[in-house]
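Peer 1: So that we are looking at the same thing, I have put the structure below in structure tokens.
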Amino acid sequence: MRTLVAGVGNVFLGDDGFGVAVARHLAATGVPDGVAVGDFGIRGIHLAYELTSGYDLAILVDAVPAGRAPGTLCVLEPTSPEPADLVDAHAMTPGAVLTLASGLDLPRGGRVLLVGCEPADVSPGMDLSPPVAAAVPEAAGLVLELIAKEFAEFAEGERRC
């Protein structure tokens, strides 16, 4: 099973760099075979092309403001790409990336999940706020749990064929 873990966000805007911090944490601590970890930062076009490379699972990790307590994690499964302005490559949200990937004439990938964290501060600066920094290892563990669960379901499906 091929899996991509993509850390996204702008490291120059405080907590918006959460996804990148999780990707760096996973790269440093190790991931299972068949899992690629990438720091895509604000390079949404590169991520869109990577998503079309035939992954069975892609987990995007990003700051997701939703009015919860800072550092709160969530897992979302985008059901359809959101309409988005794809002209500005530096403003590509995960929804915009999925929209672009769905329109490319390349092999389609598998399931996409988004692990999000409620940011506290996205003002200019390179440090994560304390609650978001504390959520980095927890999010890395959550990503690994999601991979293990998907791998178990994938293996079960393989045995049924």
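Letters A, B, ... mark the chains of the structure tokens in the order given; residue numbers begin at 1 per chain; ligand numbers begin at 1, in order shown.
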Can you tell me, as a list in words, what residues are no more than 12 Å from Glu145 in chain A when counting only C-alpha atoms, ignoring any on the same chain fewer than 3 positions away?

Peer 2: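 Result of the neighbour search: Val31, Pro32, Ile59, Val75, Val115, Glu138, Ala139, Ala140, Gly141, Leu142, Ala148, Lys149, Glu150, Phe151 and Ala152 of chain A.
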
Peer 1: For the residues selected in the previous step, produce a file with C-alpha atoms as a tab-separated table (two decimals), in the first residue's frame.

Peer 2:
chain	number	residue	atom	x	y	z
A	31	VAL	CA	7.39	5.84	9.28
A	32	PRO	CA	6.46	2.36	8.05
A	59	ILE	CA	-2.98	12.22	4.56
A	75	VAL	CA	-9.68	14.16	11.06
A	115	VAL	CA	-5.53	15.82	9.89
A	138	GLU	CA	0.03	13.83	19.15
A	139	ALA	CA	-0.82	14.53	15.50
A	140	ALA	CA	2.14	12.43	14.34
A	141	GLY	CA	0.81	9.56	16.44
A	142	LEU	CA	-2.67	10.07	15.00
A	148	ALA	CA	-2.11	1.36	10.52
A	149	LYS	CA	-5.92	1.25	10.33
A	150	GLU	CA	-5.95	1.80	6.56
A	151	PHE	CA	-3.20	-0.78	6.08
A	152	ALA	CA	-5.17	-3.36	8.09

Peer 1: For Ile147 in chain A, which of A:Ala27, A:Val122, A:Leu57, A:Val112 is the closest residue, counting only C-alpha atoms?

Peer 2: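 Under the stated criterion, the closest residue is A:Leu57.
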
Peer 1: Please provide the set of residues having any atom within 12 Å of Pro137 in chain A, restricted to only C-alpha atoms, with same-chain residues fewer than 3 positions apart removed, written as a PyMOL selection string.

Peer 2: chain A and resi 18-19+21-29+71+73+117+131-134+140-144

Peer 1: Grab the residues selected above and save them as a compact mmCIF listing (two decimals), in the first residue's frame with C-alpha atoms.

Peer 2:
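Contents of part.txt, as written:
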# COMPACT_ATOMS: atom_id res chain seq x y z
CA PHE A 18 1.71 23.03 11.88
CA GLY A 19 1.53 20.58 8.96
CA ALA A 21 6.16 20.59 11.74
CA VAL A 22 4.28 17.27 11.82
CA ALA A 23 5.90 16.15 8.55
CA ARG A 24 9.34 17.00 9.94
CA HIS A 25 8.55 15.15 13.18
CA LEU A 26 7.46 12.02 11.27
CA ALA A 27 10.51 12.18 8.99
CA ALA A 28 12.77 12.36 12.05
CA THR A 29 11.07 9.57 14.02
CA GLY A 71 -4.30 22.63 19.58
CA LEU A 73 -6.99 17.90 16.42
CA CYS A 117 -5.20 21.35 14.14
CA PRO A 131 -0.84 24.50 22.38
CA VAL A 132 -0.16 23.85 18.70
CA ALA A 133 3.48 22.87 19.34
CA ALA A 134 2.23 20.42 21.99
CA ALA A 140 2.14 12.43 14.34
CA GLY A 141 0.81 9.56 16.44
CA LEU A 142 -2.67 10.07 15.00
CA VAL A 143 -1.26 9.94 11.46
CA LEU A 144 0.50 6.66 12.26
